[in-house]
Every structure is written in structure tokens, then in C-alpha cells.
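Next up, structure_8.cif (mmCIF, C-alpha atoms):
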```cif
data_entry
#
loop_
_atom_site.group_PDB
_atom_site.id
_atom_site.type_symbol
_atom_site.label_atom_id
_atom_site.label_comp_id
_atom_site.auth_asym_id
_atom_site.auth_seq_id
_atom_site.Cartn_x
_atom_site.Cartn_y
_atom_site.Cartn_z
ATOM 1 C CA MET A 1 -24.800 17.664 13.903
ATOM 2 C CA TRP A 2 -26.839 15.085 11.963
ATOM 3 C CA LYS A 3 -24.814 15.862 8.815
ATOM 4 C CA LYS A 4 -21.544 15.226 10.696
ATOM 5 C CA PHE A 5 -22.935 11.942 12.004
ATOM 6 C CA ASN A 6 -23.923 10.827 8.477
ATOM 7 C CA GLN A 7 -20.447 11.756 7.175
ATOM 8 C CA LEU A 8 -18.872 9.712 9.947
ATOM 9 C CA VAL A 9 -21.076 6.687 9.209
ATOM 10 C CA HIS A 10 -20.306 6.897 5.470
ATOM 11 C CA TRP A 11 -16.559 7.239 6.181
ATOM 12 C CA TRP A 12 -16.672 4.271 8.561
ATOM 13 C CA ASP A 13 -18.566 2.126 6.076
ATOM 14 C CA LYS A 14 -16.464 3.058 3.034
ATOM 15 C CA PRO A 15 -13.050 4.599 3.852
ATOM 16 C CA VAL A 16 -11.828 4.061 0.251
ATOM 17 C CA SER A 17 -13.770 6.611 -1.776
ATOM 18 C CA GLU A 18 -14.818 6.328 -5.405
ATOM 19 C CA GLU A 19 -12.221 8.980 -6.326
ATOM 20 C CA MET A 20 -9.437 6.822 -4.869
ATOM 21 C CA ARG A 21 -10.600 3.804 -6.883
ATOM 22 C CA GLU A 22 -11.075 5.623 -10.204
ATOM 23 C CA PHE A 23 -8.141 7.733 -11.340
ATOM 24 C CA ARG A 24 -5.233 7.715 -13.734
ATOM 25 C CA GLN A 25 -2.377 10.143 -13.535
ATOM 26 C CA LYS A 26 1.085 10.778 -14.909
ATOM 27 C CA ILE A 27 3.873 10.838 -12.352
ATOM 28 C CA VAL A 28 7.591 11.577 -12.662
ATOM 29 C CA ILE A 29 10.129 9.777 -10.492
ATOM 30 C CA LYS A 30 13.769 10.762 -10.967
ATOM 31 C CA ASP A 31 13.124 12.105 -14.487
ATOM 32 C CA PHE A 32 11.193 9.012 -15.610
ATOM 33 C CA GLU A 33 7.493 9.313 -16.455
ATOM 34 C CA PHE A 34 5.025 6.625 -15.387
ATOM 35 C CA ASP A 35 1.274 6.040 -15.272
ATOM 36 C CA LEU A 36 -0.253 5.591 -11.813
ATOM 37 C CA MET A 37 -3.690 3.983 -11.459
ATOM 38 C CA PRO A 38 -5.732 1.599 -9.286
ATOM 39 C CA ALA A 39 -5.261 -2.092 -10.025
ATOM 40 C CA LYS A 40 -8.173 -3.888 -11.707
ATOM 41 C CA HIS A 41 -9.030 -7.562 -12.175
ATOM 42 C CA SER A 42 -7.720 -7.270 -15.741
ATOM 43 C CA ASP A 43 -4.263 -6.583 -14.211
ATOM 44 C CA LEU A 44 -4.046 -9.926 -12.371
ATOM 45 C CA GLU A 45 -1.750 -11.668 -14.871
ATOM 46 C CA ASP A 46 0.620 -8.697 -14.875
ATOM 47 C CA ILE A 47 0.540 -8.627 -11.061
ATOM 48 C CA MET A 48 1.554 -12.292 -10.947
ATOM 49 C CA ALA A 49 4.388 -11.657 -13.444
ATOM 50 C CA LEU A 50 5.540 -8.699 -11.324
ATOM 51 C CA GLU A 51 5.496 -10.843 -8.180
ATOM 52 C CA LYS A 52 7.628 -13.532 -9.832
ATOM 53 C CA ALA A 53 10.106 -10.939 -11.093
ATOM 54 C CA ALA A 54 10.286 -9.081 -7.777
ATOM 55 C CA TYR A 55 10.707 -12.249 -5.710
ATOM 56 C CA ASN A 56 13.014 -14.335 -7.924
ATOM 57 C CA ASP A 57 10.342 -16.615 -9.445
ATOM 58 C CA THR A 58 8.685 -17.144 -6.074
ATOM 59 C CA VAL A 59 4.913 -16.812 -5.761
ATOM 60 C CA LEU A 60 4.128 -15.509 -2.290
ATOM 61 C CA TRP A 61 0.480 -14.705 -2.920
ATOM 62 C CA PRO A 62 -1.528 -16.887 -5.319
ATOM 63 C CA MET A 63 -3.658 -15.184 -7.960
ATOM 64 C CA SER A 64 -6.774 -15.997 -5.929
ATOM 65 C CA ALA A 65 -5.434 -13.926 -3.002
ATOM 66 C CA PHE A 66 -4.851 -10.904 -5.228
ATOM 67 C CA ALA A 67 -8.266 -11.405 -6.853
ATOM 68 C CA GLU A 68 -9.935 -11.414 -3.432
ATOM 69 C CA GLU A 69 -8.052 -8.273 -2.386
ATOM 70 C CA LEU A 70 -9.143 -6.461 -5.573
ATOM 71 C CA ARG A 71 -12.770 -7.455 -4.913
ATOM 72 C CA ARG A 72 -12.665 -5.744 -1.513
ATOM 73 C CA THR A 73 -13.177 -2.227 -2.835
ATOM 74 C CA ARG A 74 -14.736 -0.959 0.393
ATOM 75 C CA ASP A 75 -11.562 -1.206 2.474
ATOM 76 C CA ARG A 76 -8.704 -2.054 0.093
ATOM 77 C CA LEU A 77 -6.738 -0.054 -2.443
ATOM 78 C CA TYR A 78 -4.162 -1.504 -4.816
ATOM 79 C CA VAL A 79 -2.264 0.945 -6.995
ATOM 80 C CA ILE A 80 -0.019 0.043 -9.916
ATOM 81 C CA VAL A 81 2.696 1.870 -11.832
ATOM 82 C CA ARG A 82 3.140 1.248 -15.563
ATOM 83 C CA GLN A 83 5.603 2.464 -18.170
ATOM 84 C CA PRO A 84 3.613 4.565 -20.649
ATOM 85 C CA GLU A 85 5.575 3.460 -23.740
ATOM 86 C CA THR A 86 5.348 -0.284 -23.217
ATOM 87 C CA GLY A 87 2.446 -0.578 -20.786
ATOM 88 C CA SER A 88 4.564 -2.933 -18.658
ATOM 89 C CA MET A 89 3.883 -3.017 -14.932
ATOM 90 C CA VAL A 90 6.724 -1.551 -12.898
ATOM 91 C CA ALA A 91 5.355 -1.679 -9.342
ATOM 92 C CA LEU A 92 2.378 -2.274 -7.062
ATOM 93 C CA ILE A 93 1.374 -1.216 -3.587
ATOM 94 C CA GLY A 94 -1.647 -2.478 -1.696
ATOM 95 C CA ALA A 95 -3.264 -1.270 1.491
ATOM 96 C CA ALA A 96 -6.017 -2.219 3.889
ATOM 97 C CA PHE A 97 -7.941 0.670 5.452
ATOM 98 C CA ARG A 98 -8.941 0.052 9.069
ATOM 99 C CA PRO A 99 -11.310 2.834 10.137
ATOM 100 C CA GLY A 100 -11.848 1.451 13.648
ATOM 101 C CA ILE A 101 -8.243 2.220 14.548
ATOM 102 C CA HIS A 102 -7.585 4.958 11.940
ATOM 103 C CA GLU A 103 -4.849 2.848 10.347
ATOM 104 C CA VAL A 104 -3.710 2.156 6.811
ATOM 105 C CA HIS A 105 -1.864 -1.162 6.659
ATOM 106 C CA ILE A 106 0.392 -1.726 3.651
ATOM 107 C CA THR A 107 -0.324 -5.306 2.646
ATOM 108 C CA ASN A 108 2.015 -5.604 -0.307
ATOM 109 C CA ILE A 109 4.652 -3.605 -2.124
ATOM 110 C CA MET A 110 6.732 -4.847 -5.005
ATOM 111 C CA VAL A 111 8.924 -3.284 -7.654
ATOM 112 C CA THR A 112 10.344 -5.051 -10.693
ATOM 113 C CA PRO A 113 14.133 -5.579 -10.282
ATOM 114 C CA HIS A 114 15.040 -3.151 -13.094
ATOM 115 C CA TRP A 115 13.337 -0.280 -11.241
ATOM 116 C CA GLN A 116 14.408 -1.146 -7.679
ATOM 117 C CA SER A 117 16.567 1.452 -5.891
ATOM 118 C CA ARG A 118 15.323 4.153 -8.279
ATOM 119 C CA GLY A 119 12.764 5.816 -6.024
ATOM 120 C CA VAL A 120 9.651 3.940 -7.159
ATOM 121 C CA GLY A 121 9.129 2.099 -3.857
ATOM 122 C CA THR A 122 9.776 5.286 -1.879
ATOM 123 C CA PHE A 123 7.222 7.135 -4.006
ATOM 124 C CA LEU A 124 4.562 4.454 -3.458
ATOM 125 C CA VAL A 125 5.000 4.338 0.326
ATOM 126 C CA MET A 126 4.856 8.142 0.477
ATOM 127 C CA TYR A 127 1.771 8.062 -1.740
ATOM 128 C CA MET A 128 -0.039 5.766 0.728
ATOM 129 C CA MET A 129 1.118 7.935 3.625
ATOM 130 C CA THR A 130 -0.393 10.967 1.873
ATOM 131 C CA ILE A 131 -3.698 9.186 1.277
ATOM 132 C CA ALA A 132 -3.800 8.126 4.935
ATOM 133 C CA GLN A 133 -3.330 11.723 6.051
ATOM 134 C CA GLN A 134 -5.900 13.067 3.579
ATOM 135 C CA ILE A 135 -8.601 10.820 5.025
ATOM 136 C CA ASN A 136 -7.512 11.528 8.619
ATOM 137 C CA PHE A 137 -6.050 8.124 9.417
ATOM 138 C CA HIS A 138 -3.377 8.473 12.082
ATOM 139 C CA ARG A 139 -1.233 5.387 11.671
ATOM 140 C CA ILE A 140 0.383 3.495 8.814
ATOM 141 C CA SER A 141 1.920 0.069 9.270
ATOM 142 C CA LEU A 142 3.473 -2.851 7.415
ATOM 143 C CA GLU A 143 5.439 -6.054 7.926
ATOM 144 C CA VAL A 144 8.930 -6.556 6.564
ATOM 145 C CA ARG A 145 11.118 -9.633 6.574
ATOM 146 C CA VAL A 146 13.761 -9.418 9.347
ATOM 147 C CA SER A 147 16.452 -10.325 6.805
ATOM 148 C CA ASN A 148 15.406 -7.553 4.360
ATOM 149 C CA LYS A 149 17.710 -4.819 5.646
ATOM 150 C CA ARG A 150 17.402 -2.694 2.484
ATOM 151 C CA ALA A 151 13.608 -2.393 2.839
ATOM 152 C CA GLN A 152 13.932 -1.704 6.570
ATOM 153 C CA GLN A 153 16.327 1.176 5.848
ATOM 154 C CA LEU A 154 13.843 2.644 3.360
ATOM 155 C CA TYR A 155 10.976 2.444 5.852
ATOM 156 C CA GLU A 156 13.111 3.917 8.652
ATOM 157 C CA ARG A 157 14.121 6.819 6.354
ATOM 158 C CA LEU A 158 10.398 7.464 5.863
ATOM 159 C CA GLY A 159 9.793 7.565 9.630
ATOM 160 C CA PHE A 160 8.654 4.005 10.370
ATOM 161 C CA GLN A 161 9.788 2.367 13.591
ATOM 162 C CA ILE A 162 9.934 -1.282 14.582
ATOM 163 C CA VAL A 163 7.015 -2.084 16.871
ATOM 164 C CA ARG A 164 7.622 -5.783 17.424
ATOM 165 C CA ARG A 165 9.022 -8.961 15.929
ATOM 166 C CA LYS A 166 6.572 -11.570 14.606
ATOM 167 C CA ALA A 167 8.086 -15.044 14.857
ATOM 168 C CA HIS A 168 7.504 -17.443 11.950
ATOM 169 C CA TYR A 169 5.389 -14.838 10.122
ATOM 170 C CA TYR A 170 6.240 -15.980 6.605
ATOM 171 C CA GLY A 171 4.651 -19.369 6.083
ATOM 172 C CA GLU A 172 6.697 -20.454 3.065
ATOM 173 C CA ASP A 173 9.974 -20.591 5.016
ATOM 174 C CA GLY A 174 8.978 -19.696 8.559
ATOM 175 C CA GLY A 175 10.922 -16.415 8.454
ATOM 176 C CA ASP A 176 10.356 -13.733 11.067
ATOM 177 C CA ALA A 177 8.965 -10.277 10.298
ATOM 178 C CA PHE A 178 9.217 -6.889 11.913
ATOM 179 C CA ASP A 179 5.927 -5.049 12.374
ATOM 180 C CA MET A 180 6.795 -1.432 11.544
ATOM 181 C CA ALA A 181 4.559 1.600 11.982
ATOM 182 C CA GLN A 182 4.446 5.359 11.922
ATOM 183 C CA ILE A 183 2.094 7.830 13.580
ATOM 184 C CA LEU A 184 0.805 10.418 11.097
ATOM 185 C CA GLY A 185 -0.418 13.915 11.955
ATOM 186 C CA ASN A 186 -2.655 14.638 14.915
ATOM 187 C CA GLN A 187 -4.050 11.831 17.026
ATOM 188 C CA ILE A 188 -7.451 13.515 17.408
ATOM 189 C CA ASP A 189 -9.585 14.548 14.464
ATOM 190 C CA ASN A 190 -11.483 17.556 15.798
ATOM 191 C CA GLU A 191 -13.990 17.465 12.918
ATOM 192 C CA LEU A 192 -15.193 14.046 13.994
ATOM 193 C CA LEU A 193 -15.618 15.169 17.603
ATOM 194 C CA ILE A 194 -19.132 16.535 17.733
#
```

Please, can you express the file's structure as C-alpha cells?
Amino acid sequence: MWKKFNQLVHWWDKPVSEEMREFRQKIVIKDFEFDLMPAKHSDLEDIMALEKAAYNDTVLWPMSAFAEELRRTRDRLYVIVRQPETGSMVALIGAAFRPGIHEVHITNIMVTPHWQSRGVGTFLVMYMMTIAQQINFHRISLEVRVSNKRAQQLYERLGFQIVRRKAHYYGEDGGDAFDMAQILGNQIDNELLI
């Protein structure tokens, strides 16, 4: 019983394990090979270039915001996709792990325009969903701009549902967002019930 309690305390204190923060793997998406790895501080300039490309030269998050997110290794995970030949960054997904409510919240997802609609974004969302299930989190959520119908269709295909509308969510233009979420697996983790 004491061992289970210690595991629970460790999981609560550090839901993002060392293994999740230190890996590098080859992935194949629609016959294209990529490198998948956690984002590091040395990736910040590439992240900013990706953001500008993905959002038509608009900076939604300043470099300091990304830097702060990457510092939060206890409860954040940012994963990047790179082309192996050129080393160029293709995509990024970020998530906040909320152990109190067993939720993984996708904070950011972006794909360079050349690779959009080619399965990269779908892969990354499914990747985070898999991680959430592996660590027994029961909910995954995100916000999406109300006007971004293409992204909403992707999330709905993956099982997300609109929970509510957040008025004036996006500060730069006051745009509204939909809060979307999905329940994953069983609601009760029997191993944690002592």
C-alpha cells in the first residue's frame, strides 16, 4: 500500500516522466520519414520561424512564452517534427498535463504550410492522445478558433466534441474559440484506488 501511495505522489508531482522528455524516434507519415523529439531551448528560433510560417507572418506567442513553456518540464511537453535530410522543423505540438483532473490540454499545435493536410497534425494529436492514455489521464482538451473550420473537422474526426464557446478568447483580434474535449478510456483508474 505504501508503494502505491509513493507512486501516486510521484505521478502527481511529475506527470511528465524523464522518458517522455528524452527521446528521439523515426516516424513515417504517409510514406514520408520524419524525426520526432521533445523541443529544447535550442529549438526556440526554429519554433518562432514555424509559428510565422504557420500563421502567415503573425506571432501569436512571443519567444518568451515558448521559453517559459519549455522550462516547465514537470507538467509540460512540447514535441517537434523535423525533416531528417534538411533538419527543418515541420511541426510542433505542446501540452499541459493537469494531474488534479487527469487532463492533457493541448496548448499549441502548428504545421508548416507545405506539410498541412498531409497527416502531420493528425499524427501529433493522436500522439498526445496516446500519451494521455498511457499515463492514465482521462480527458484531452484544446481551444480552436471558431472560424477555423478545417481544424474543427480534424478534431471532430478524432473524437473531440465542442464543450463551450469562449468569447473574445484570442487577444490579438478578440476572436472567439471553441473549447473542445474528448474523454479517453475508463474514468476510474483502479490501480490508483487503494

Which polymer residues have any atom within 12 Å of an atom of stretch 59-61 of chain A, counting all atoms listed in the file, with same-chain residues fewer than 3 positions away left out, as a PyMOL selection string? chain A and resi 44+47-56+64-69+107-110+170-173

_Expected selection from the PyMOL selection byres ((chain A and resi 120-132) around 8), given as a PyMOL selection string_ = chain A and resi 29+91-93+95+103-104+109-111+115-119+133-140+154+158+184

Worksheet item: So how many Å separate atom CA of A:Phe160 and atom CA of A:Arg24, to one decimal?
Response: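 It comes out at 28.1 Å.
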
Item to complete: Can you turn the PyMOL selection byres ((chain A and resi 163-166) around 9) into a concrete residue list for this file, as a list in words?
Response: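 Output of the PyMOL selection byres ((chain A and resi 163-166) around 9): Glu143, Val146, Gln161, Ile162, Ala167, His168, Tyr169, Gly175, Asp176, Ala177, Phe178, Asp179, Met180 and Ala181 of chain A.
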
What do you get, as a VMD selection string, if you spell out every residue that the PyMOL selection byres ((chain A and resi 35-42) around 10) selects here? chain A and resid 20 to 28 33 to 34 43 to 47 66 to 71 77 to 85 87 89 to 94 124

Exercise. Compare A:Arg76, A:Arg157, A:Arg145, A:Lys30 by their minimum atom-to-atom distance to A:Pro99, counting all atoms listed in the file, and give me the closest one.
Key: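 That would be A:Arg76, the residue with the smallest distance to A:Pro99.
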
Mind giving me the straight-line distance from atom CA of A:Ala96 to atom CA of A:His114 in Å, one decimal?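 We find that atom CA of A:Ala96 and atom CA of A:His114 lie 27.1 Å from each other.
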
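Our summary of the geometry notes that atom CA of A:Gln182 is positioned 28.6 Å from atom CA of A:Phe32.
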
From the list A:Ile106, A:Thr86, A:Thr112, A:Arg74, the nearest residue to A:Val144 using only C-alpha atoms is A:Ile106

Please define a box with edges along x, y and z of the file around all atoms of stretch 56-62 of chain A given in the file, extend it by 4 Å on each side, and return its centre and edge lengths in Å to one decimal, as lines of an AutoDock Vina configuration file.
```
center_x = 5.7
center_y = -15.7
center_z = -5.9
size_x = 22.5
size_y = 10.8
size_z = 15.2
```

Can you put N, CA and C atoms back into stretch 69-102 of chain A and show it as a PDB file, keeping the file's coordinate frame?
```pdb
ATOM      1  N   GLU A  69      -8.396  -9.624  -2.844  1.00  0.00           N
ATOM      2  CA  GLU A  69      -8.052  -8.273  -2.386  1.00  0.00           C
ATOM      3  C   GLU A  69      -8.658  -7.211  -3.308  1.00  0.00           C
ATOM      4  N   LEU A  70      -8.602  -7.432  -4.625  1.00  0.00           N
ATOM      5  CA  LEU A  70      -9.143  -6.461  -5.573  1.00  0.00           C
ATOM      6  C   LEU A  70     -10.666  -6.388  -5.513  1.00  0.00           C
ATOM      7  N   ARG A  71     -11.311  -7.461  -5.073  1.00  0.00           N
ATOM      8  CA  ARG A  71     -12.770  -7.455  -4.913  1.00  0.00           C
ATOM      9  C   ARG A  71     -13.203  -6.604  -3.716  1.00  0.00           C
ATOM     10  N   ARG A  72     -12.327  -6.458  -2.755  1.00  0.00           N
ATOM     11  CA  ARG A  72     -12.665  -5.744  -1.513  1.00  0.00           C
ATOM     12  C   ARG A  72     -12.490  -4.237  -1.691  1.00  0.00           C
ATOM     13  N   THR A  73     -13.324  -3.645  -2.511  1.00  0.00           N
ATOM     14  CA  THR A  73     -13.177  -2.227  -2.835  1.00  0.00           C
ATOM     15  C   THR A  73     -13.593  -1.296  -1.699  1.00  0.00           C
ATOM     16  N   ARG A  74     -14.310  -1.801  -0.733  1.00  0.00           N
ATOM     17  CA  ARG A  74     -14.736  -0.959   0.393  1.00  0.00           C
ATOM     18  C   ARG A  74     -13.548  -0.550   1.262  1.00  0.00           C
ATOM     19  N   ASP A  75     -12.626  -1.482   1.513  1.00  0.00           N
ATOM     20  CA  ASP A  75     -11.562  -1.206   2.474  1.00  0.00           C
ATOM     21  C   ASP A  75     -10.158  -1.550   1.970  1.00  0.00           C
ATOM     22  N   ARG A  76     -10.013  -1.753   0.667  1.00  0.00           N
ATOM     23  CA  ARG A  76      -8.704  -2.054   0.093  1.00  0.00           C
ATOM     24  C   ARG A  76      -8.426  -1.119  -1.077  1.00  0.00           C
ATOM     25  N   LEU A  77      -7.157  -0.820  -1.281  1.00  0.00           N
ATOM     26  CA  LEU A  77      -6.738  -0.054  -2.443  1.00  0.00           C
ATOM     27  C   LEU A  77      -5.410  -0.610  -2.924  1.00  0.00           C
ATOM     28  N   TYR A  78      -5.391  -1.038  -4.169  1.00  0.00           N
ATOM     29  CA  TYR A  78      -4.162  -1.504  -4.816  1.00  0.00           C
ATOM     30  C   TYR A  78      -3.871  -0.567  -5.972  1.00  0.00           C
ATOM     31  N   VAL A  79      -2.671  -0.028  -5.991  1.00  0.00           N
ATOM     32  CA  VAL A  79      -2.264   0.945  -6.995  1.00  0.00           C
ATOM     33  C   VAL A  79      -1.080   0.383  -7.757  1.00  0.00           C
ATOM     34  N   ILE A  80      -1.108   0.548  -9.080  1.00  0.00           N
ATOM     35  CA  ILE A  80      -0.019   0.043  -9.916  1.00  0.00           C
ATOM     36  C   ILE A  80       0.658   1.194 -10.651  1.00  0.00           C
ATOM     37  N   VAL A  81       1.898   0.941 -11.037  1.00  0.00           N
ATOM     38  CA  VAL A  81       2.696   1.870 -11.832  1.00  0.00           C
ATOM     39  C   VAL A  81       3.053   1.147 -13.122  1.00  0.00           C
ATOM     40  N   ARG A  82       2.812   1.818 -14.251  1.00  0.00           N
ATOM     41  CA  ARG A  82       3.140   1.248 -15.563  1.00  0.00           C
ATOM     42  C   ARG A  82       4.011   2.217 -16.351  1.00  0.00           C
ATOM     43  N   GLN A  83       4.847   1.650 -17.225  1.00  0.00           N
ATOM     44  CA  GLN A  83       5.603   2.464 -18.170  1.00  0.00           C
ATOM     45  C   GLN A  83       4.654   2.866 -19.295  1.00  0.00           C
ATOM     46  N   PRO A  84       4.581   4.149 -19.627  1.00  0.00           N
ATOM     47  CA  PRO A  84       3.613   4.565 -20.649  1.00  0.00           C
ATOM     48  C   PRO A  84       3.938   4.035 -22.051  1.00  0.00           C
ATOM     49  N   GLU A  85       5.210   3.901 -22.382  1.00  0.00           N
ATOM     50  CA  GLU A  85       5.575   3.460 -23.740  1.00  0.00           C
ATOM     51  C   GLU A  85       5.226   2.004 -23.989  1.00  0.00           C
ATOM     52  N   THR A  86       5.528   1.159 -23.024  1.00  0.00           N
ATOM     53  CA  THR A  86       5.348  -0.284 -23.217  1.00  0.00           C
ATOM     54  C   THR A  86       4.099  -0.825 -22.533  1.00  0.00           C
ATOM     55  N   GLY A  87       3.581  -0.092 -21.566  1.00  0.00           N
ATOM     56  CA  GLY A  87       2.446  -0.578 -20.786  1.00  0.00           C
ATOM     57  C   GLY A  87       2.841  -1.601 -19.738  1.00  0.00           C
ATOM     58  N   SER A  88       4.132  -1.907 -19.616  1.00  0.00           N
ATOM     59  CA  SER A  88       4.564  -2.933 -18.658  1.00  0.00           C
ATOM     60  C   SER A  88       4.430  -2.429 -17.222  1.00  0.00           C
ATOM     61  N   MET A  89       4.065  -3.352 -16.341  1.00  0.00           N
ATOM     62  CA  MET A  89       3.883  -3.017 -14.932  1.00  0.00           C
ATOM     63  C   MET A  89       5.242  -2.932 -14.252  1.00  0.00           C
ATOM     64  N   VAL A  90       5.460  -1.825 -13.568  1.00  0.00           N
ATOM     65  CA  VAL A  90       6.724  -1.551 -12.898  1.00  0.00           C
ATOM     66  C   VAL A  90       6.631  -1.856 -11.408  1.00  0.00           C
ATOM     67  N   ALA A  91       5.472  -1.546 -10.797  1.00  0.00           N
ATOM     68  CA  ALA A  91       5.355  -1.679  -9.342  1.00  0.00           C
ATOM     69  C   ALA A  91       3.897  -1.748  -8.918  1.00  0.00           C
ATOM     70  N   LEU A  92       3.703  -2.176  -7.677  1.00  0.00           N
ATOM     71  CA  LEU A  92       2.378  -2.274  -7.062  1.00  0.00           C
ATOM     72  C   LEU A  92       2.514  -1.997  -5.578  1.00  0.00           C
ATOM     73  N   ILE A  93       1.498  -1.330  -5.037  1.00  0.00           N
ATOM     74  CA  ILE A  93       1.374  -1.216  -3.587  1.00  0.00           C
ATOM     75  C   ILE A  93      -0.083  -1.473  -3.238  1.00  0.00           C
ATOM     76  N   GLY A  94      -0.296  -2.195  -2.155  1.00  0.00           N
ATOM     77  CA  GLY A  94      -1.647  -2.478  -1.696  1.00  0.00           C
ATOM     78  C   GLY A  94      -1.796  -2.071  -0.247  1.00  0.00           C
ATOM     79  N   ALA A  95      -3.025  -1.684   0.108  1.00  0.00           N
ATOM     80  CA  ALA A  95      -3.264  -1.270   1.491  1.00  0.00           C
ATOM     81  C   ALA A  95      -4.656  -1.649   1.935  1.00  0.00           C
ATOM     82  N   ALA A  96      -4.745  -1.964   3.224  1.00  0.00           N
ATOM     83  CA  ALA A  96      -6.017  -2.219   3.889  1.00  0.00           C
ATOM     84  C   ALA A  96      -6.308  -1.018   4.777  1.00  0.00           C
ATOM     85  N   PHE A  97      -7.531  -0.490   4.673  1.00  0.00           N
ATOM     86  CA  PHE A  97      -7.941   0.670   5.452  1.00  0.00           C
ATOM     87  C   PHE A  97      -8.756   0.175   6.633  1.00  0.00           C
ATOM     88  N   ARG A  98      -8.311   0.523   7.834  1.00  0.00           N
ATOM     89  CA  ARG A  98      -8.941   0.052   9.069  1.00  0.00           C
ATOM     90  C   ARG A  98      -9.514   1.254   9.830  1.00  0.00           C
ATOM     91  N   PRO A  99     -10.760   1.621   9.525  1.00  0.00           N
ATOM     92  CA  PRO A  99     -11.310   2.834  10.137  1.00  0.00           C
ATOM     93  C   PRO A  99     -11.458   2.752  11.652  1.00  0.00           C
ATOM     94  N   GLY A 100     -11.669   1.581  12.196  1.00  0.00           N
ATOM     95  CA  GLY A 100     -11.848   1.451  13.648  1.00  0.00           C
ATOM     96  C   GLY A 100     -10.649   1.929  14.435  1.00  0.00           C
ATOM     97  N   ILE A 101      -9.459   1.778  13.862  1.00  0.00           N
ATOM     98  CA  ILE A 101      -8.243   2.220  14.548  1.00  0.00           C
ATOM     99  C   ILE A 101      -7.504   3.301  13.770  1.00  0.00           C
ATOM    100  N   HIS A 102      -8.163   3.870  12.751  1.00  0.00           N
ATOM    101  CA  HIS A 102      -7.585   4.958  11.940  1.00  0.00           C
ATOM    102  C   HIS A 102      -6.223   4.565  11.366  1.00  0.00           C
TER     103      HIS A 102
END
```
